[in-house]
Amino acid sequence: MTPSTGPRPTISVYGEPSPARAVALVLHGGREHSHAPTSRFQLAYLRMVPFAKAIARRGAGHGIATWLLRDRLRGWNAPDLDPVHDARWALDEVRRVHGDVPVVLVGHSMGGRVALRVADDPSVIAVCALAPWTPQGEPVEQLADREVLIAHGVLDRMTDPRLSYDYARRAKAVTDRVARFDVHGERHAMLRRADQWTRLVTGFVLGAFTTQPGDPRITNAMRQPSPEGLRVPL
């Protein structure tokens, strides 16, 4: 539940067919500690706009609405977990606006951690976590029966790709539909190979909603027994 006073989470819509048969909810990154309001001009938020637009371009014709959430505050702020509450609020909004439609979450960095945390929501069918912040001990039980894609730049120094590999390995014991990609030559900002990131994400989202055949790179990785399929080069 979000507070009744102070900053409010907001949603930008990049494609909303009527009626919508599914929703892609996009979540941005942030900081470990910050109670500053999130601005739409901050890089962590702007970094996810191209993903939202790409999903909308490919998905709107298939009945997929694309929402980009802007959190109230910039920080994770344990133990309050402010962005987790905002994401759960957004999922409630999806149900209020569109009813009981399936949702795929797409999150970067802190937003990837949020997406993985709220995967237990009954509307969520799949999670795409890009360069996610997955510290040791991060829970995986909520991923049961979900489809999970993780992609991480091997040169990332903001979030540790070794930890997302460990997270994917543990998640594979909860759901067999886990794939993880090592994005070579790429850092945290996902700028050097932006087209590759975008194609991977849009292919995963549309495949999870069964609007098109799944990306064979992803489906093949998911078929592999652990730890195969968790360090696929991209």
# chains A, B, ... in the order shown; residues from 1 in each chain; ligands from 1
$ residues_around --residues "Ser18 of chain A" --least-positions-apart "2" --cutoff "9 Å" --atoms "only C-alpha atoms" --output "tab-separated table (two decimals) with all heavy atoms, in the first residue's frame"
chain	number	residue	atom	x	y	z
A	16	GLU	N	-2.05	1.15	-25.41
A	16	GLU	CA	-3.12	0.58	-24.61
A	16	GLU	C	-4.30	0.25	-25.51
A	16	GLU	O	-5.24	1.03	-25.65
A	16	GLU	CB	-3.54	1.54	-23.50
A	16	GLU	CG	-4.43	0.88	-22.46
A	16	GLU	CD	-4.29	1.54	-21.10
A	16	GLU	OE1	-4.19	2.77	-21.04
A	16	GLU	OE2	-4.27	0.80	-20.10
A	20	ALA	N	-7.53	-4.56	-23.74
A	20	ALA	CA	-6.20	-5.16	-23.63
A	20	ALA	C	-6.33	-6.60	-23.15
A	20	ALA	O	-7.10	-6.89	-22.24
A	20	ALA	CB	-5.34	-4.37	-22.66
A	21	ARG	N	-5.57	-7.49	-23.77
A	21	ARG	CA	-5.59	-8.89	-23.36
A	21	ARG	C	-4.43	-9.24	-22.43
A	21	ARG	O	-4.39	-10.32	-21.84
A	21	ARG	CB	-5.54	-9.81	-24.57
A	21	ARG	CG	-4.31	-9.65	-25.45
A	21	ARG	CD	-4.28	-10.68	-26.58
A	21	ARG	NE	-4.04	-12.01	-26.07
A	21	ARG	CZ	-2.83	-12.55	-25.97
A	21	ARG	NH1	-1.75	-11.87	-26.33
A	21	ARG	NH2	-2.68	-13.78	-25.51
A	63	GLY	N	-2.87	-6.76	-28.75
A	63	GLY	CA	-3.67	-6.55	-27.56
A	63	GLY	C	-2.88	-6.37	-26.28
A	63	GLY	O	-3.43	-6.49	-25.19
A	65	ALA	N	-1.01	-4.04	-23.67
A	65	ALA	CA	-0.80	-2.68	-23.15
A	65	ALA	C	0.57	-2.62	-22.48
A	65	ALA	O	0.99	-3.58	-21.83
A	65	ALA	CB	-1.89	-2.32	-22.15
$ residues_around --residues "Pro139 of chain A" --least-positions-apart "6" --cutoff "10 Å" --atoms "only C-alpha atoms" --output "list in words"
Leu116, Arg117, Tyr167, Arg170 and Ala171 of chain A
$ write_last_selection --atoms "all heavy atoms" --output "short mmCIF file (atom, residue, chain, number, x, y, z; two decimals), in the first residue's frame"
data_model
loop_
_atom_site.label_atom_id
_atom_site.label_comp_id
_atom_site.auth_asym_id
_atom_site.auth_seq_id
_atom_site.Cartn_x
_atom_site.Cartn_y
_atom_site.Cartn_z
N LEU A 116 11.46 -9.31 -9.69
CA LEU A 116 11.61 -10.67 -9.17
C LEU A 116 10.89 -10.84 -7.84
O LEU A 116 10.29 -11.88 -7.57
CB LEU A 116 13.10 -11.00 -9.03
CG LEU A 116 13.87 -11.10 -10.35
CD1 LEU A 116 15.37 -11.02 -10.10
CD2 LEU A 116 13.52 -12.37 -11.11
N ARG A 117 10.91 -9.80 -7.00
CA ARG A 117 10.26 -9.87 -5.69
C ARG A 117 8.74 -10.00 -5.80
O ARG A 117 8.11 -10.69 -5.01
CB ARG A 117 10.60 -8.63 -4.86
CG ARG A 117 11.91 -8.68 -4.12
CD ARG A 117 11.87 -9.64 -2.94
NE ARG A 117 13.11 -9.59 -2.18
CZ ARG A 117 13.25 -8.95 -1.04
NH1 ARG A 117 12.23 -8.31 -0.49
NH2 ARG A 117 14.41 -8.96 -0.41
N TYR A 167 21.79 -16.35 -8.48
CA TYR A 167 20.34 -16.24 -8.31
C TYR A 167 19.62 -17.12 -9.32
O TYR A 167 18.66 -17.83 -8.98
CB TYR A 167 19.92 -14.78 -8.47
CG TYR A 167 18.45 -14.54 -8.23
CD1 TYR A 167 17.98 -14.23 -6.97
CD2 TYR A 167 17.53 -14.64 -9.26
CE1 TYR A 167 16.62 -14.01 -6.73
CE2 TYR A 167 16.18 -14.44 -9.04
CZ TYR A 167 15.73 -14.12 -7.78
OH TYR A 167 14.39 -13.93 -7.56
N ARG A 170 19.76 -20.76 -8.37
CA ARG A 170 18.83 -21.10 -7.30
C ARG A 170 17.38 -21.07 -7.80
O ARG A 170 16.56 -21.89 -7.39
CB ARG A 170 19.02 -20.14 -6.12
CG ARG A 170 20.35 -20.34 -5.41
CD ARG A 170 20.44 -19.52 -4.12
NE ARG A 170 20.46 -18.09 -4.35
CZ ARG A 170 19.52 -17.25 -3.95
NH1 ARG A 170 18.45 -17.71 -3.30
NH2 ARG A 170 19.62 -15.96 -4.19
N ALA A 171 17.09 -20.12 -8.67
CA ALA A 171 15.73 -20.04 -9.22
C ALA A 171 15.38 -21.26 -10.04
O ALA A 171 14.22 -21.69 -10.09
CB ALA A 171 15.59 -18.77 -10.07
#
$ closest_residue --among "A:Arg40, A:His85, A:Arg31, A:His98" --to "Thr66 of chain A" --atoms "only C-alpha atoms"
A:His98
$ residues_around --residues "segment 87-91 of chain A" --least-positions-apart "2" --cutoff "8 Å" --atoms "only C-alpha atoms" --output "CSV table (one decimal) with N, CA, C and O atoms, in the first residue's frame"
chain,number,residue,atom,x,y,z
A,1,MET,N,0.8,-1.2,0.0
A,1,MET,CA,0.0,0.0,0.0
A,1,MET,C,0.9,1.2,0.0
A,1,MET,O,1.8,1.3,0.8
A,2,THR,N,0.6,2.2,-0.9
A,2,THR,CA,1.4,3.4,-1.0
A,2,THR,C,0.8,4.4,0.0
A,2,THR,O,-0.4,4.5,0.3
A,11,ILE,N,2.1,6.3,-13.7
A,11,ILE,CA,2.2,5.3,-14.8
A,11,ILE,C,2.1,6.1,-16.1
A,11,ILE,O,1.2,6.9,-16.4
A,27,LEU,N,9.7,-1.5,-15.1
A,27,LEU,CA,10.2,-1.0,-13.8
A,27,LEU,C,11.6,-0.5,-13.9
A,27,LEU,O,12.5,-1.2,-14.4
A,69,LEU,N,6.1,2.3,-15.0
A,69,LEU,CA,5.9,2.8,-13.7
A,69,LEU,C,7.0,3.8,-13.3
A,69,LEU,O,8.2,3.4,-13.5
A,83,PRO,N,9.9,0.7,-3.5
A,83,PRO,CA,9.5,0.4,-4.9
A,83,PRO,C,8.8,-0.9,-5.0
A,83,PRO,O,8.0,-1.1,-5.9
A,84,VAL,N,8.9,-1.8,-4.0
A,84,VAL,CA,8.1,-3.1,-4.0
A,84,VAL,C,6.6,-2.7,-3.8
A,84,VAL,O,5.7,-3.2,-4.5
A,85,HIS,N,6.4,-1.8,-2.9
A,85,HIS,CA,5.0,-1.3,-2.6
A,85,HIS,C,4.4,-0.6,-3.9
A,85,HIS,O,3.2,-0.8,-4.2
A,93,GLU,N,-3.5,-1.6,-10.0
A,93,GLU,CA,-4.1,-0.7,-11.0
A,93,GLU,C,-4.3,-1.5,-12.4
A,93,GLU,O,-5.3,-1.2,-13.0
A,94,VAL,N,-3.5,-2.4,-12.7
A,94,VAL,CA,-3.7,-3.2,-13.9
A,94,VAL,C,-5.0,-3.9,-13.8
A,94,VAL,O,-5.9,-3.9,-14.7
A,95,ARG,N,-5.3,-4.5,-12.7
A,95,ARG,CA,-6.5,-5.2,-12.5
A,95,ARG,C,-7.7,-4.3,-12.5
A,95,ARG,O,-8.8,-4.6,-13.0
A,114,VAL,N,13.0,-5.6,-8.0
A,114,VAL,CA,11.6,-5.5,-7.6
A,114,VAL,C,10.7,-6.4,-8.4
A,114,VAL,O,9.8,-7.1,-7.9
A,115,ALA,N,11.0,-6.5,-9.7
A,115,ALA,CA,10.2,-7.4,-10.6
A,115,ALA,C,10.3,-8.9,-10.1
A,115,ALA,O,9.3,-9.6,-10.0
A,118,VAL,N,8.1,-9.3,-6.8
A,118,VAL,CA,6.7,-9.3,-6.8
A,118,VAL,C,6.1,-10.3,-7.8
A,118,VAL,O,4.9,-10.3,-8.1
A,121,ASP,N,2.7,-12.2,-7.4
A,121,ASP,CA,1.4,-11.6,-7.7
A,121,ASP,C,0.7,-12.6,-8.7
A,121,ASP,O,1.2,-13.1,-9.6
A,123,SER,N,-1.3,-12.2,-11.0
A,123,SER,CA,-1.4,-11.8,-12.4
A,123,SER,C,-0.1,-12.0,-13.2
A,123,SER,O,-0.1,-12.1,-14.4
$ residues_around --residues "Ile150 of chain A" --least-positions-apart "5" --cutoff "6 Å" --atoms "only C-alpha atoms" --output "CSV table (one decimal) with N, CA, C and O atoms, in the first residue's frame"
chain,number,residue,atom,x,y,z
A,128,CYS,N,11.3,-10.5,-16.6
A,128,CYS,CA,12.5,-10.2,-17.4
A,128,CYS,C,13.3,-9.2,-16.5
A,128,CYS,O,12.9,-8.1,-16.3
A,129,ALA,N,14.5,-9.7,-16.0
A,129,ALA,CA,15.3,-8.9,-15.1
A,129,ALA,C,16.6,-8.6,-15.9
A,129,ALA,O,17.4,-9.5,-16.2
A,130,LEU,N,16.9,-7.3,-16.1
A,130,LEU,CA,18.0,-6.8,-16.8
A,130,LEU,C,19.1,-6.3,-15.9
A,130,LEU,O,18.7,-5.3,-15.1
A,180,ARG,N,19.3,-17.4,-18.7
A,180,ARG,CA,20.2,-16.3,-18.3
A,180,ARG,C,21.2,-16.1,-19.4
A,180,ARG,O,21.8,-17.0,-19.8
$ closest_residue --among "A:Ala189, A:Val232, A:Ala22, A:Val13" --to "Arg47 of chain A" --atoms "only C-alpha atoms"
A:Ala189
$ atom_distance --atom1 "atom CA of Leu163 of chain A" --atom2 "atom CA of Gln136 of chain A"
6.9 Å
$ residues_around --residues "Ser164 of chain A" --least-positions-apart "5" --cutoff "12 Å" --atoms "only C-alpha atoms" --output "PyMOL selection string"
chain A and resi 109+112-113+116+129-138+140+149-154+156+159+169-171+178-182+230-231
$ closest_residue --among "A:Gln142, A:Asn77, A:Gln224, A:Thr219" --to "Met110 of chain A" --atoms "only C-alpha atoms"
A:Asn77
$ atom_distance --atom1 "atom CA of Ala119 of chain A" --atom2 "atom CA of Tyr45 of chain A"
20.8 Å
$ select_by_dssp --residues "chain A" --states "alpha helix (DSSP H)" --output "ChimeraX atom specification"
/A:43-46,49-59,82-98,110-117,161-171,194-208,216-223
$ closest_residue --among "A:Thr10, A:Asp86, A:Gly15, A:Ala208" --to "Ser39 of chain A" --atoms "only C-alpha atoms"
A:Thr10
$ residues_around --residues "Thr38 of chain A" --least-positions-apart "4" --cutoff "7 Å" --atoms "only C-alpha atoms" --output "number ranges by chain"
A: 70-74
$ write_last_selection --atoms "all heavy atoms" --output "CSV table (one decimal), in the first residue's frame"
chain,number,residue,atom,x,y,z
A,70,ARG,N,6.7,4.9,-12.7
A,70,ARG,CA,7.7,5.8,-12.1
A,70,ARG,C,7.4,5.8,-10.6
A,70,ARG,O,6.4,6.2,-10.1
A,70,ARG,CB,7.6,7.2,-12.6
A,70,ARG,CG,8.5,8.2,-11.9
A,70,ARG,CD,8.8,9.4,-12.8
A,70,ARG,NE,7.7,10.1,-13.2
A,70,ARG,CZ,7.1,11.2,-12.6
A,70,ARG,NH1,7.7,11.6,-11.4
A,70,ARG,NH2,6.1,11.8,-13.0
A,71,ASP,N,8.4,5.3,-9.8
A,71,ASP,CA,8.3,5.1,-8.4
A,71,ASP,C,8.2,6.4,-7.7
A,71,ASP,O,8.7,7.5,-8.2
A,71,ASP,CB,9.6,4.4,-7.8
A,71,ASP,CG,9.7,2.9,-8.3
A,71,ASP,OD1,8.6,2.3,-8.6
A,71,ASP,OD2,10.8,2.4,-8.4
A,72,ARG,N,7.7,6.4,-6.5
A,72,ARG,CA,7.6,7.6,-5.7
A,72,ARG,C,9.0,8.1,-5.3
A,72,ARG,O,9.3,9.3,-5.4
A,72,ARG,CB,6.8,7.3,-4.4
A,72,ARG,CG,5.3,7.0,-4.6
A,72,ARG,CD,4.8,6.5,-3.3
A,72,ARG,NE,5.3,5.2,-2.9
A,72,ARG,CZ,5.9,4.8,-1.7
A,72,ARG,NH1,5.9,5.7,-0.8
A,72,ARG,NH2,6.3,3.6,-1.5
A,73,LEU,N,9.8,7.2,-4.8
A,73,LEU,CA,11.1,7.5,-4.3
A,73,LEU,C,12.2,6.8,-5.0
A,73,LEU,O,12.0,5.7,-5.6
A,73,LEU,CB,11.2,7.2,-2.8
A,73,LEU,CG,10.1,7.8,-1.9
A,73,LEU,CD1,10.2,7.2,-0.5
A,73,LEU,CD2,10.1,9.3,-1.9
A,74,ARG,N,13.4,7.3,-5.0
A,74,ARG,CA,14.5,6.7,-5.8
A,74,ARG,C,15.1,5.4,-5.1
A,74,ARG,O,15.7,4.6,-5.8
A,74,ARG,CB,15.6,7.7,-6.0
A,74,ARG,CG,15.2,8.9,-6.7
A,74,ARG,CD,16.3,9.9,-7.0
A,74,ARG,NE,17.3,9.4,-7.9
A,74,ARG,CZ,18.4,10.0,-8.3
A,74,ARG,NH1,18.7,11.2,-7.8
A,74,ARG,NH2,19.2,9.4,-9.2
$ atom_distance --atom1 "atom CA of Val127 of chain A" --atom2 "atom CA of Gly107 of chain A"
8.0 Å
$ closest_residue --among "A:Arg177, A:His108, A:Arg157, A:Arg162" --to "Ile125 of chain A" --atoms "only C-alpha atoms"
A:Arg177
$ closest_residue --among "A:Pro37, A:Pro17, A:Gly185, A:Pro122" --to "Val97 of chain A" --atoms "only C-alpha atoms"
A:Pro17
$ select_by_dssp --residues "segment 15-221 of chain A" --states "strand (DSSP E or B)" --output "JSON, numbers by chain"
{"A": [15, 22, 23, 24, 25, 26, 27, 31, 37, 64, 65, 66, 67, 68, 69, 70, 73, 75, 103, 104, 105, 106, 107, 108, 124, 125, 126, 127, 128, 129, 130, 147, 148, 149, 150, 151, 152, 153, 178, 179, 180, 181, 182, 183]}
$ decode --residues "segment 37-184 of chain A" --atoms "C-alpha atoms" --output "PDB file, in the first residue's frame"
ATOM      1  CA  PRO A  37      11.325  11.830  -5.280  1.00  0.00           C
ATOM      2  CA  THR A  38      11.837  10.099  -8.616  1.00  0.00           C
ATOM      3  CA  SER A  39      11.898  12.483 -11.572  1.00  0.00           C
ATOM      4  CA  ARG A  40      10.923  11.573 -15.117  1.00  0.00           C
ATOM      5  CA  PHE A  41      14.219  13.165 -16.196  1.00  0.00           C
ATOM      6  CA  GLN A  42      16.451  10.828 -14.186  1.00  0.00           C
ATOM      7  CA  LEU A  43      18.569   8.431 -16.223  1.00  0.00           C
ATOM      8  CA  ALA A  44      17.366   5.332 -14.375  1.00  0.00           C
ATOM      9  CA  TYR A  45      13.821   6.129 -15.516  1.00  0.00           C
ATOM     10  CA  LEU A  46      14.728   7.336 -19.018  1.00  0.00           C
ATOM     11  CA  ARG A  47      16.740   4.163 -19.618  1.00  0.00           C
ATOM     12  CA  MET A  48      13.514   2.146 -19.656  1.00  0.00           C
ATOM     13  CA  VAL A  49      11.532   4.390 -22.007  1.00  0.00           C
ATOM     14  CA  PRO A  50      12.980   2.782 -25.181  1.00  0.00           C
ATOM     15  CA  PHE A  51      12.053  -0.677 -23.883  1.00  0.00           C
ATOM     16  CA  ALA A  52       8.488   0.437 -23.169  1.00  0.00           C
ATOM     17  CA  LYS A  53       8.196   2.002 -26.616  1.00  0.00           C
ATOM     18  CA  ALA A  54       9.625  -1.082 -28.343  1.00  0.00           C
ATOM     19  CA  ILE A  55       7.237  -3.426 -26.544  1.00  0.00           C
ATOM     20  CA  ALA A  56       4.328  -1.126 -27.425  1.00  0.00           C
ATOM     21  CA  ARG A  57       5.294  -1.029 -31.111  1.00  0.00           C
ATOM     22  CA  ARG A  58       5.454  -4.798 -31.325  1.00  0.00           C
ATOM     23  CA  GLY A  59       2.696  -5.636 -28.883  1.00  0.00           C
ATOM     24  CA  ALA A  60      -0.173  -3.179 -29.258  1.00  0.00           C
ATOM     25  CA  GLY A  61      -1.463  -4.927 -32.367  1.00  0.00           C
ATOM     26  CA  HIS A  62      -1.644  -8.146 -30.344  1.00  0.00           C
ATOM     27  CA  GLY A  63      -3.671  -6.549 -27.558  1.00  0.00           C
ATOM     28  CA  ILE A  64      -0.731  -5.889 -25.224  1.00  0.00           C
ATOM     29  CA  ALA A  65      -0.801  -2.685 -23.151  1.00  0.00           C
ATOM     30  CA  THR A  66       2.587  -1.333 -22.045  1.00  0.00           C
ATOM     31  CA  TRP A  67       2.909   0.577 -18.783  1.00  0.00           C
ATOM     32  CA  LEU A  68       6.040   2.261 -17.417  1.00  0.00           C
ATOM     33  CA  LEU A  69       5.917   2.813 -13.669  1.00  0.00           C
ATOM     34  CA  ARG A  70       7.676   5.796 -12.076  1.00  0.00           C
ATOM     35  CA  ASP A  71       8.331   5.090  -8.405  1.00  0.00           C
ATOM     36  CA  ARG A  72       7.581   7.602  -5.668  1.00  0.00           C
ATOM     37  CA  LEU A  73      11.129   7.515  -4.292  1.00  0.00           C
ATOM     38  CA  ARG A  74      14.520   6.683  -5.756  1.00  0.00           C
ATOM     39  CA  GLY A  75      15.610   4.213  -3.090  1.00  0.00           C
ATOM     40  CA  TRP A  76      15.025   0.568  -2.180  1.00  0.00           C
ATOM     41  CA  ASN A  77      15.056   1.790   1.414  1.00  0.00           C
ATOM     42  CA  ALA A  78      15.074  -1.433   3.394  1.00  0.00           C
ATOM     43  CA  PRO A  79      13.173  -2.362   5.466  1.00  0.00           C
ATOM     44  CA  ASP A  80      10.447  -0.210   3.887  1.00  0.00           C
ATOM     45  CA  LEU A  81      10.993  -1.557   0.335  1.00  0.00           C
ATOM     46  CA  ASP A  82       9.308   1.466  -1.217  1.00  0.00           C
ATOM     47  CA  PRO A  83       9.545   0.355  -4.874  1.00  0.00           C
ATOM     48  CA  VAL A  84       8.088  -3.052  -4.011  1.00  0.00           C
ATOM     49  CA  HIS A  85       4.986  -1.334  -2.631  1.00  0.00           C
ATOM     50  CA  ASP A  86       4.799   0.839  -5.754  1.00  0.00           C
ATOM     51  CA  ALA A  87       4.984  -2.198  -8.045  1.00  0.00           C
ATOM     52  CA  ARG A  88       2.240  -3.956  -6.107  1.00  0.00           C
ATOM     53  CA  TRP A  89       0.134  -0.793  -6.371  1.00  0.00           C
ATOM     54  CA  ALA A  90       0.698  -0.804 -10.155  1.00  0.00           C
ATOM     55  CA  LEU A  91      -0.383  -4.447 -10.392  1.00  0.00           C
ATOM     56  CA  ASP A  92      -3.569  -3.569  -8.541  1.00  0.00           C
ATOM     57  CA  GLU A  93      -4.067  -0.741 -11.049  1.00  0.00           C
ATOM     58  CA  VAL A  94      -3.697  -3.195 -13.921  1.00  0.00           C
ATOM     59  CA  ARG A  95      -6.542  -5.243 -12.486  1.00  0.00           C
ATOM     60  CA  ARG A  96      -8.657  -2.150 -11.848  1.00  0.00           C
ATOM     61  CA  VAL A  97      -8.241  -0.897 -15.431  1.00  0.00           C
ATOM     62  CA  HIS A  98      -8.024  -4.118 -17.444  1.00  0.00           C
ATOM     63  CA  GLY A  99      -9.363  -6.843 -15.204  1.00  0.00           C
ATOM     64  CA  ASP A 100      -7.676 -10.166 -14.618  1.00  0.00           C
ATOM     65  CA  VAL A 101      -5.219 -10.133 -17.531  1.00  0.00           C
ATOM     66  CA  PRO A 102      -1.745 -11.717 -17.529  1.00  0.00           C
ATOM     67  CA  VAL A 103       1.235  -9.477 -16.787  1.00  0.00           C
ATOM     68  CA  VAL A 104       4.897  -9.705 -17.751  1.00  0.00           C
ATOM     69  CA  LEU A 105       7.318  -7.633 -15.667  1.00  0.00           C
ATOM     70  CA  VAL A 106      10.422  -6.028 -17.180  1.00  0.00           C
ATOM     71  CA  GLY A 107      12.860  -4.401 -14.756  1.00  0.00           C
ATOM     72  CA  HIS A 108      16.413  -3.038 -14.802  1.00  0.00           C
ATOM     73  CA  SER A 109      18.849  -2.984 -11.883  1.00  0.00           C
ATOM     74  CA  MET A 110      16.800  -2.204  -8.752  1.00  0.00           C
ATOM     75  CA  GLY A 111      13.723  -2.570 -10.947  1.00  0.00           C
ATOM     76  CA  GLY A 112      14.891  -6.076 -11.793  1.00  0.00           C
ATOM     77  CA  ARG A 113      15.060  -6.898  -8.094  1.00  0.00           C
ATOM     78  CA  VAL A 114      11.570  -5.457  -7.642  1.00  0.00           C
ATOM     79  CA  ALA A 115      10.202  -7.449 -10.578  1.00  0.00           C
ATOM     80  CA  LEU A 116      11.610 -10.667  -9.168  1.00  0.00           C
ATOM     81  CA  ARG A 117      10.258  -9.874  -5.685  1.00  0.00           C
ATOM     82  CA  VAL A 118       6.669  -9.251  -6.830  1.00  0.00           C
ATOM     83  CA  ALA A 119       6.514 -12.264  -9.153  1.00  0.00           C
ATOM     84  CA  ASP A 120       4.235 -13.928  -6.613  1.00  0.00           C
ATOM     85  CA  ASP A 121       1.385 -11.638  -7.699  1.00  0.00           C
ATOM     86  CA  PRO A 122      -1.337 -13.842  -9.222  1.00  0.00           C
ATOM     87  CA  SER A 123      -1.413 -11.812 -12.448  1.00  0.00           C
ATOM     88  CA  VAL A 124       2.304 -12.239 -13.170  1.00  0.00           C
ATOM     89  CA  ILE A 125       3.246 -15.010 -15.584  1.00  0.00           C
ATOM     90  CA  ALA A 126       6.826 -14.015 -16.434  1.00  0.00           C
ATOM     91  CA  VAL A 127       9.700 -11.769 -15.328  1.00  0.00           C
ATOM     92  CA  CYS A 128      12.499 -10.213 -17.368  1.00  0.00           C
ATOM     93  CA  ALA A 129      15.300  -8.882 -15.144  1.00  0.00           C
ATOM     94  CA  LEU A 130      18.042  -6.829 -16.833  1.00  0.00           C
ATOM     95  CA  ALA A 131      21.311  -6.396 -14.913  1.00  0.00           C
ATOM     96  CA  PRO A 132      19.344  -7.098 -11.745  1.00  0.00           C
ATOM     97  CA  TRP A 133      20.509  -6.241  -8.268  1.00  0.00           C
ATOM     98  CA  THR A 134      20.356  -9.662  -6.635  1.00  0.00           C
ATOM     99  CA  PRO A 135      22.349  -9.708  -3.390  1.00  0.00           C
ATOM    100  CA  GLN A 136      23.181 -12.949  -1.654  1.00  0.00           C
ATOM    101  CA  GLY A 137      20.175 -14.503   0.012  1.00  0.00           C
ATOM    102  CA  GLU A 138      17.631 -12.828  -2.255  1.00  0.00           C
ATOM    103  CA  PRO A 139      14.513 -15.065  -2.175  1.00  0.00           C
ATOM    104  CA  VAL A 140      13.482 -17.189  -5.170  1.00  0.00           C
ATOM    105  CA  GLU A 141      10.449 -19.087  -3.870  1.00  0.00           C
ATOM    106  CA  GLN A 142       8.054 -16.520  -5.346  1.00  0.00           C
ATOM    107  CA  LEU A 143       9.163 -17.513  -8.858  1.00  0.00           C
ATOM    108  CA  ALA A 144       7.411 -20.887  -8.759  1.00  0.00           C
ATOM    109  CA  ASP A 145       5.508 -21.531 -12.009  1.00  0.00           C
ATOM    110  CA  ARG A 146       6.858 -18.304 -13.545  1.00  0.00           C
ATOM    111  CA  GLU A 147       8.966 -17.874 -16.663  1.00  0.00           C
ATOM    112  CA  VAL A 148      12.196 -15.992 -15.914  1.00  0.00           C
ATOM    113  CA  LEU A 149      14.724 -14.295 -18.178  1.00  0.00           C
ATOM    114  CA  ILE A 150      17.847 -12.668 -16.747  1.00  0.00           C
ATOM    115  CA  ALA A 151      20.407 -10.811 -18.879  1.00  0.00           C
ATOM    116  CA  HIS A 152      23.556  -9.225 -17.484  1.00  0.00           C
ATOM    117  CA  GLY A 153      26.474  -7.361 -19.040  1.00  0.00           C
ATOM    118  CA  VAL A 154      29.723  -9.130 -18.245  1.00  0.00           C
ATOM    119  CA  LEU A 155      31.478  -5.767 -17.697  1.00  0.00           C
ATOM    120  CA  ASP A 156      28.870  -4.513 -15.225  1.00  0.00           C
ATOM    121  CA  ARG A 157      30.401  -2.916 -12.114  1.00  0.00           C
ATOM    122  CA  MET A 158      27.170  -1.555 -10.628  1.00  0.00           C
ATOM    123  CA  THR A 159      25.437  -4.895 -10.097  1.00  0.00           C
ATOM    124  CA  ASP A 160      27.416  -8.124  -9.971  1.00  0.00           C
ATOM    125  CA  PRO A 161      26.773 -10.600 -12.822  1.00  0.00           C
ATOM    126  CA  ARG A 162      28.155 -13.390 -10.634  1.00  0.00           C
ATOM    127  CA  LEU A 163      25.345 -12.796  -8.163  1.00  0.00           C
ATOM    128  CA  SER A 164      22.662 -12.861 -10.855  1.00  0.00           C
ATOM    129  CA  TYR A 165      24.124 -16.158 -12.064  1.00  0.00           C
ATOM    130  CA  ASP A 166      23.892 -17.552  -8.522  1.00  0.00           C
ATOM    131  CA  TYR A 167      20.343 -16.236  -8.305  1.00  0.00           C
ATOM    132  CA  ALA A 168      19.410 -17.888 -11.625  1.00  0.00           C
ATOM    133  CA  ARG A 169      20.921 -21.175 -10.472  1.00  0.00           C
ATOM    134  CA  ARG A 170      18.827 -21.104  -7.295  1.00  0.00           C
ATOM    135  CA  ALA A 171      15.730 -20.037  -9.217  1.00  0.00           C
ATOM    136  CA  LYS A 172      16.138 -23.024 -11.521  1.00  0.00           C
ATOM    137  CA  ALA A 173      15.339 -25.244  -8.546  1.00  0.00           C
ATOM    138  CA  VAL A 174      11.985 -23.459  -8.172  1.00  0.00           C
ATOM    139  CA  THR A 175      10.922 -23.188 -11.811  1.00  0.00           C
ATOM    140  CA  ASP A 176      12.490 -24.986 -14.742  1.00  0.00           C
ATOM    141  CA  ARG A 177      11.676 -22.062 -17.055  1.00  0.00           C
ATOM    142  CA  VAL A 178      14.767 -19.964 -16.367  1.00  0.00           C
ATOM    143  CA  ALA A 179      17.227 -18.595 -18.911  1.00  0.00           C
ATOM    144  CA  ARG A 180      20.150 -16.258 -18.311  1.00  0.00           C
ATOM    145  CA  PHE A 181      22.331 -14.457 -20.855  1.00  0.00           C
ATOM    146  CA  ASP A 182      25.855 -13.036 -20.540  1.00  0.00           C
ATOM    147  CA  VAL A 183      25.882  -9.861 -22.660  1.00  0.00           C
ATOM    148  CA  HIS A 184      29.490  -9.526 -23.790  1.00  0.00           C
TER     149      HIS A 184
END
